[in-house]
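Structure record follows, encoded as structure tokens.
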Amino acid sequence: MTANMTEQHKVIIEPGARAPVIRFTKVFNVAVPFIDRHVAEGRGEHVALRSTAGDITYTQLAANVARCGNALKSLGIGRGERLLMVVRDTPEFFYVFWGAIKAGIVPVSVNTLLKAEDYRYLVEDSACTAVVYTPELEAEVTAGAKTAAGKQVQALSTDAVVALMRTAQDSLVPEQTRSDEDCFWLYSSGSTGKPKGVVHVHRDMVITSERYSAGILGIKAQDVVFCASKLFFSYGFGGGMTFPLWAGATIVLCDELPSPEMSFRMIEKFRPTVYFAVPTLYGRQLQALEAGPRDLSSIRVAASAGEALPAPIFHKWREQTGVSILDGIGSTEVLHIFISNRHDDIKPGTSGRPVPGYEVKIVDEAGNPVGQGEVGTLMVKGESNARCYWNNPQKTALTMRGEWLDTGDMYTIDEQGYYVNTGRGDDMLKVGAMWCSPVEIESKLLEHPKVREAAVVGRADDEGLIKPAAYVVLKRSDDASEATVEEMRQFCKSQLAGYKYPRWFTFVDELPKTVTGKIQRFKLRQRSEA
Ligand code: 3UK
């Protein structure tokens, strides 16, 4: 592929020393290569989206994206303005997301499981012009669309958008954006504090699709791809949308929450060749398989991310299905996976090696590379790194250091050169691939009448998956009993998001602290491991 001076919206890929070189025409709107290219290249009749609601071809997808872009423009949403999306994994997600991008509008896709006050924060923080939501989520979203200052932000359901699309034109000249211009955001709940808007540019989806999806997984147009993680999570965003679209493959869509049963059902019905899931789901599927076999024979590629994949899950899955799960580490900030195992180079229990096109280094607190076998902070450099956190120069400066991005993860390289995850540098946990703040659980425990002090750390369960463990100082030591443990467990279960309750409770006389009174969670972690 070469481009002349007048060409627009083209990606130019040329051989390079360590990885292909990826360039873009000066005028570049990423909706063109992801959506329109397939029709232009003769794949118009190929199925883009499959769900229980039926099939949608690439020609239909391109027409609906154009219609939706026109509909959004008719609402007066301008170039660079944000459109908040609280949309489940349905075809409308694709129309709104890509229609917005084609029209130069910046879609901001967020978690569909939040409450009105969370949506109010996201509406205010993103300063969005409008919100689009799945009809079932109307109550929480419309309540959140009224800002604290009393301003009502335009909110419309996907039904209302589809109604506008009916009379909209099915062609749309793409907005003349640039490859380094803001394209879409995702929110990262990350460490303590409010979620941060992670700003990505038009280039970024192309980079992840070429480097990881095409380069490591080898997804092709003939593939049928099913991702159990949702599109608002950037792992699902890649696996369930951008990777298959880039290849012109078929996407299996399901708007239910991930569960072993949902996954088995989708796999048996639609026979995907590529499957994306998180380690906790792989583990639960293996447990469910003990009750009887399921037909997973269509799968040839299985990927995992979001939290470390324990080696026993890798081995059991391979025994059951014959397929090796490829674990890789990614983040919302890098958009997708940048260190990964690959089909011909796997070491279970590690994250593998850097994905060609990304550079990584492991550094000490002074920022100098650590020696062989030592643990340090993982830094990554690559062309899909987020431009910034929205409106948050302080966090941006702390995390994005020039071309390098601080992942907050602690890593070491083993003797064979594989990258081994040793946890986080900031006490945060990934539980079922979802962020879990020890401070949040500790604060909840402190609300319990019997608790004087509490500390929470991660501990590996029987399968090697990390779950929260609580250390509690009781107000009265004679309260220490199995009944109190049960009481506290129920208390946390009823008041925190489902995955956050501590699985273990240990009563202690005191917590290890610094002279300034800060809890030393690392000392408790060492105790947990012992
Ligand atoms: C942790 C892992 C060990 C790690 C993500 C793939 O998880 C994703 O994004 P988030 O922003 O969280 C990023 C953090 O999660 N992590 C992710 N994968 C692994 N730890 N082994 C792994 N394989 O702490 C990282 O910093 O929610 C994953 C693709 C896109 C993503 N956004």
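Residue numbering restarts at 1 in every chain; chains get A, B, ... in the order shown in the structure tokens, and ligands count up from 1 in that same order.
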
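Every protein, DNA or RNA residue with an atom at most 12 Å from A:Ile77, where only C-alpha atoms count and chain neighbours fewer than 3 positions away do not, is listed here: Gly69, Asn70, Ala71, Leu72, Lys73, Ser74, Gly80, Glu81, Arg82, Leu83, Leu84, Gly99, Ala100, Ile101, Ala103, Gly104, Ile105, Val106, Pro107, Cys128, Thr129, Ala130, Val131, Val153 and Gln154 of chain A.
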
Which residues form the shell of 8 Å around ligand 1 when you count only C-alpha atoms and all ligand atoms, given as a PyMOL selection string?
chain A and resi 188-190+233-238+304-309+327-337+340+350-351+407-409+421+423-424+429-430+433-435

Only N, CA and C atoms, please: the residues just picked out, written as a CSV table (one decimal), in the first residue's frame.
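Output (again_17.csv):
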```csv
chain,number,residue,atom,x,y,z
A,188,SER,N,-11.0,5.1,32.8
A,188,SER,CA,-10.3,4.1,33.6
A,188,SER,C,-10.6,4.4,35.1
A,189,SER,N,-11.1,3.3,35.8
A,189,SER,CA,-11.3,3.6,37.2
A,189,SER,C,-10.0,3.6,38.0
A,190,GLY,N,-9.0,2.9,37.4
A,190,GLY,CA,-7.7,2.9,38.0
A,190,GLY,C,-7.6,2.9,39.5
A,233,PHE,N,-15.1,-2.0,28.2
A,233,PHE,CA,-13.8,-2.3,28.8
A,233,PHE,C,-12.9,-2.4,27.6
A,234,SER,N,-11.7,-1.8,27.7
A,234,SER,CA,-10.9,-1.7,26.5
A,234,SER,C,-10.4,-3.0,26.0
A,235,TYR,N,-10.4,-4.0,26.9
A,235,TYR,CA,-10.0,-5.4,26.4
A,235,TYR,C,-11.2,-5.9,25.5
A,236,GLY,N,-12.4,-5.7,25.9
A,236,GLY,CA,-13.6,-6.1,25.1
A,236,GLY,C,-13.7,-5.2,23.8
A,237,PHE,N,-13.4,-4.0,24.0
A,237,PHE,CA,-13.4,-3.0,22.9
A,237,PHE,C,-12.5,-3.5,21.7
A,238,GLY,N,-11.4,-4.0,22.0
A,238,GLY,CA,-10.5,-4.5,21.0
A,238,GLY,C,-11.0,-5.9,20.5
A,304,SER,N,-6.3,-14.1,26.7
A,304,SER,CA,-6.7,-13.8,28.1
A,304,SER,C,-5.9,-12.5,28.5
A,305,ALA,N,-6.6,-11.7,29.3
A,305,ALA,CA,-5.9,-10.5,29.8
A,305,ALA,C,-6.8,-9.9,30.9
A,306,GLY,N,-6.3,-8.8,31.5
A,306,GLY,CA,-7.1,-8.1,32.6
A,306,GLY,C,-6.6,-8.4,33.9
A,307,GLU,N,-6.0,-9.6,34.1
A,307,GLU,CA,-5.4,-10.0,35.4
A,307,GLU,C,-4.5,-11.2,34.9
A,308,ALA,N,-3.5,-11.6,35.8
A,308,ALA,CA,-2.6,-12.6,35.4
A,308,ALA,C,-3.3,-14.0,35.2
A,309,LEU,N,-3.0,-14.7,34.2
A,309,LEU,CA,-3.6,-16.1,34.0
A,309,LEU,C,-2.7,-17.1,34.7
A,327,ASP,N,-1.9,-15.5,27.2
A,327,ASP,CA,-2.0,-14.4,28.2
A,327,ASP,C,-1.2,-13.3,27.7
A,328,GLY,N,-1.7,-12.1,27.9
A,328,GLY,CA,-1.0,-10.8,27.5
A,328,GLY,C,-1.5,-9.7,28.4
A,329,ILE,N,-0.6,-8.8,28.7
A,329,ILE,CA,-0.9,-7.6,29.5
A,329,ILE,C,-1.2,-6.4,28.7
A,330,GLY,N,-2.4,-5.8,29.0
A,330,GLY,CA,-2.7,-4.5,28.3
A,330,GLY,C,-3.3,-3.6,29.3
A,331,SER,N,-3.6,-2.4,28.8
A,331,SER,CA,-4.3,-1.4,29.7
A,331,SER,C,-5.1,-0.4,28.9
A,332,THR,N,-6.0,0.3,29.5
A,332,THR,CA,-6.8,1.3,28.9
A,332,THR,C,-5.9,2.3,28.3
A,333,GLU,N,-4.9,2.7,29.0
A,333,GLU,CA,-4.0,3.7,28.5
A,333,GLU,C,-3.2,3.4,27.2
A,334,VAL,N,-2.8,2.1,27.1
A,334,VAL,CA,-2.1,1.7,25.9
A,334,VAL,C,-3.1,1.2,24.9
A,335,LEU,N,-4.4,1.1,25.3
A,335,LEU,CA,-5.5,0.7,24.6
A,335,LEU,C,-5.7,-0.9,24.5
A,336,HIS,N,-4.5,-1.6,24.3
A,336,HIS,CA,-4.7,-3.0,24.3
A,336,HIS,C,-3.3,-3.7,24.7
A,337,ILE,N,-3.2,-4.9,24.3
A,337,ILE,CA,-2.1,-5.7,24.8
A,337,ILE,C,-0.7,-5.4,24.2
A,340,SER,N,2.9,-10.1,25.3
A,340,SER,CA,2.0,-11.3,25.1
A,340,SER,C,2.8,-12.6,24.8
A,350,THR,N,3.5,-16.6,32.8
A,350,THR,CA,4.1,-15.3,32.5
A,350,THR,C,3.3,-14.5,31.5
A,351,SER,N,3.6,-13.3,31.3
A,351,SER,CA,2.9,-12.4,30.3
A,351,SER,C,3.5,-12.6,28.9
A,407,THR,N,3.1,1.9,33.9
A,407,THR,CA,1.9,1.1,34.0
A,407,THR,C,1.5,0.9,35.5
A,408,GLY,N,2.4,1.2,36.4
A,408,GLY,CA,2.1,0.9,37.8
A,408,GLY,C,2.2,-0.6,38.2
A,409,ASP,N,2.6,-1.4,37.2
A,409,ASP,CA,2.8,-2.8,37.5
A,409,ASP,C,4.2,-3.2,37.8
A,421,ASN,N,4.7,-11.1,35.9
A,421,ASN,CA,4.0,-10.1,36.7
A,421,ASN,C,4.1,-10.4,38.2
A,423,GLY,N,2.6,-8.3,40.6
A,423,GLY,CA,1.7,-7.5,41.3
A,423,GLY,C,1.8,-6.0,41.0
A,424,ARG,N,1.1,-5.1,41.7
A,424,ARG,CA,1.0,-3.7,41.4
A,424,ARG,C,1.9,-3.0,42.4
A,429,LEU,N,-5.8,-3.9,43.4
A,429,LEU,CA,-6.0,-5.3,43.0
A,429,LEU,C,-6.8,-5.4,41.7
A,430,LYS,N,-6.5,-6.4,40.9
A,430,LYS,CA,-7.4,-6.7,39.8
A,430,LYS,C,-8.1,-8.0,40.2
A,433,ALA,N,-10.4,-9.3,36.7
A,433,ALA,CA,-10.0,-8.3,35.8
A,433,ALA,C,-10.5,-7.0,36.0
A,434,MET,N,-11.3,-6.8,37.1
A,434,MET,CA,-11.8,-5.5,37.5
A,434,MET,C,-11.0,-4.8,38.6
A,435,TRP,N,-10.9,-3.5,38.5
A,435,TRP,CA,-10.2,-2.8,39.6
A,435,TRP,C,-10.9,-2.9,40.9
```

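Shortest separation to A:Phe338 among A:Lys194, A:Arg23, A:Arg211, A:Lys151 occurs at residue A:Arg211, atoms counted being only C-alpha atoms.
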
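Residues of stretch 334-420 of chain A that DSSP places in alpha helix (DSSP H), based on the backbone of this structure, are A:Pro393, A:Gln394, A:Lys395, A:Thr396, A:Ala397, A:Leu398, A:Thr399.
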
Neighbours of A:Pro348 within 7 Å (only C-alpha atoms; same-chain residues fewer than 2 positions away dropped), as a PyMOL selection string?
chain A and resi 311+314+346+350

Just write the chosen residues, N, CA, C and O atoms, as a PDB file, in the first residue's frame.
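Below is the file part.pdb, written as the result:
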```
ATOM      1  N   ALA A 311      -0.931 -20.443  35.774  1.00  0.00           N
ATOM      2  CA  ALA A 311      -0.506 -21.576  34.947  1.00  0.00           C
ATOM      3  C   ALA A 311      -1.479 -22.762  35.033  1.00  0.00           C
ATOM      4  O   ALA A 311      -1.753 -23.397  34.002  1.00  0.00           O
ATOM      5  N   PHE A 314      -4.220 -22.378  32.541  1.00  0.00           N
ATOM      6  CA  PHE A 314      -3.686 -22.604  31.187  1.00  0.00           C
ATOM      7  C   PHE A 314      -3.644 -24.106  30.879  1.00  0.00           C
ATOM      8  O   PHE A 314      -4.127 -24.554  29.840  1.00  0.00           O
ATOM      9  N   ILE A 346       5.239 -19.806  24.161  1.00  0.00           N
ATOM     10  CA  ILE A 346       4.385 -19.663  25.348  1.00  0.00           C
ATOM     11  C   ILE A 346       5.133 -20.108  26.587  1.00  0.00           C
ATOM     12  O   ILE A 346       5.785 -21.150  26.590  1.00  0.00           O
ATOM     13  N   THR A 350       3.487 -16.578  32.802  1.00  0.00           N
ATOM     14  CA  THR A 350       4.147 -15.302  32.472  1.00  0.00           C
ATOM     15  C   THR A 350       3.288 -14.537  31.469  1.00  0.00           C
ATOM     16  O   THR A 350       2.371 -15.087  30.869  1.00  0.00           O
TER      17      THR A 350
END
```

Within 12 Å of A:Leu446 using only C-alpha atoms, minus same-chain residues under 6 positions, as a PyMOL selection string
chain A and resi 439-440+452-456+470-475+488+491-492

List every residue of stretch 293-378 of chain A that DSSP, applied to the backbone, labels as strand (DSSP E), and write the result as an MDAnalysis selection string.
chainID A and resid 301:304 325:330 337:340 353:354 359:363 376:378

Nearby residues (only C-alpha atoms) at most 10 Å from A:Cys254, same-chain spacing under 2 positions excluded, as a compact mmCIF listing (two decimals) with C-alpha atoms, in the first residue's frame:
```txt
# COMPACT_ATOMS: atom_id res chain seq x y z
CA ARG A 50 -24.09 -11.80 14.34
CA SER A 51 -26.43 -11.98 17.30
CA THR A 52 -29.66 -13.71 18.26
CA ALA A 53 -31.35 -10.69 16.60
CA ARG A 88 -24.93 -2.26 25.80
CA ASP A 89 -23.24 -4.59 23.33
CA THR A 90 -25.79 -4.31 20.52
CA PRO A 91 -25.50 -3.28 16.84
CA PHE A 226 -16.46 -13.83 20.23
CA CYS A 227 -15.33 -11.77 23.21
CA ALA A 228 -16.99 -12.40 26.57
CA SER A 229 -15.85 -9.04 27.97
CA LYS A 230 -18.01 -5.99 27.31
CA GLY A 240 -15.22 -7.62 20.48
CA ILE A 251 -18.31 -10.52 15.28
CA VAL A 252 -20.56 -12.48 17.63
CA GLU A 256 -25.65 -10.18 28.55
CA LEU A 257 -23.08 -10.01 31.31
CA PRO A 258 -20.29 -12.58 31.03
CA MET A 262 -23.65 -17.32 28.43
CA SER A 263 -20.23 -18.03 26.95
CA MET A 266 -22.73 -18.32 22.38
```

Atom CA of A:Ala148 and atom CA of A:Arg120 are how many Å apart?
7.6 Å

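All residues of protein, DNA or RNA that reach within 12 Å of A:Gly16, judged by only C-alpha atoms and not counting those fewer than 4 positions away in the chain, are Pro20, Val21, Ile22, Arg23, Pro356 and Gly357 of chain A.
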
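Among the candidates A:Ala40, A:Val375, A:Val431, A:Val198, the one nearest to A:Pro279 when counting only C-alpha atoms is A:Val431.
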
Expressed in Å, the length from atom CA of A:Leu75 to atom CA of A:Tyr133 is 15.3 Å

Could you list, as number ranges by chain, every residue within 8 Å of A:His38, counting only C-alpha atoms and ignoring same-chain residues fewer than 5 positions away?
A: 33, 43-44, 58, 248

Between atom CA of A:Lys500 and atom CA of A:Ser443, what is the distance, to one decimal in Å?
12.4 Å

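Proximity of A:Thr273, A:Ser384, A:Thr158, A:Gln169 to A:Ser209, computed with only C-alpha atoms, is greatest for A:Ser384.
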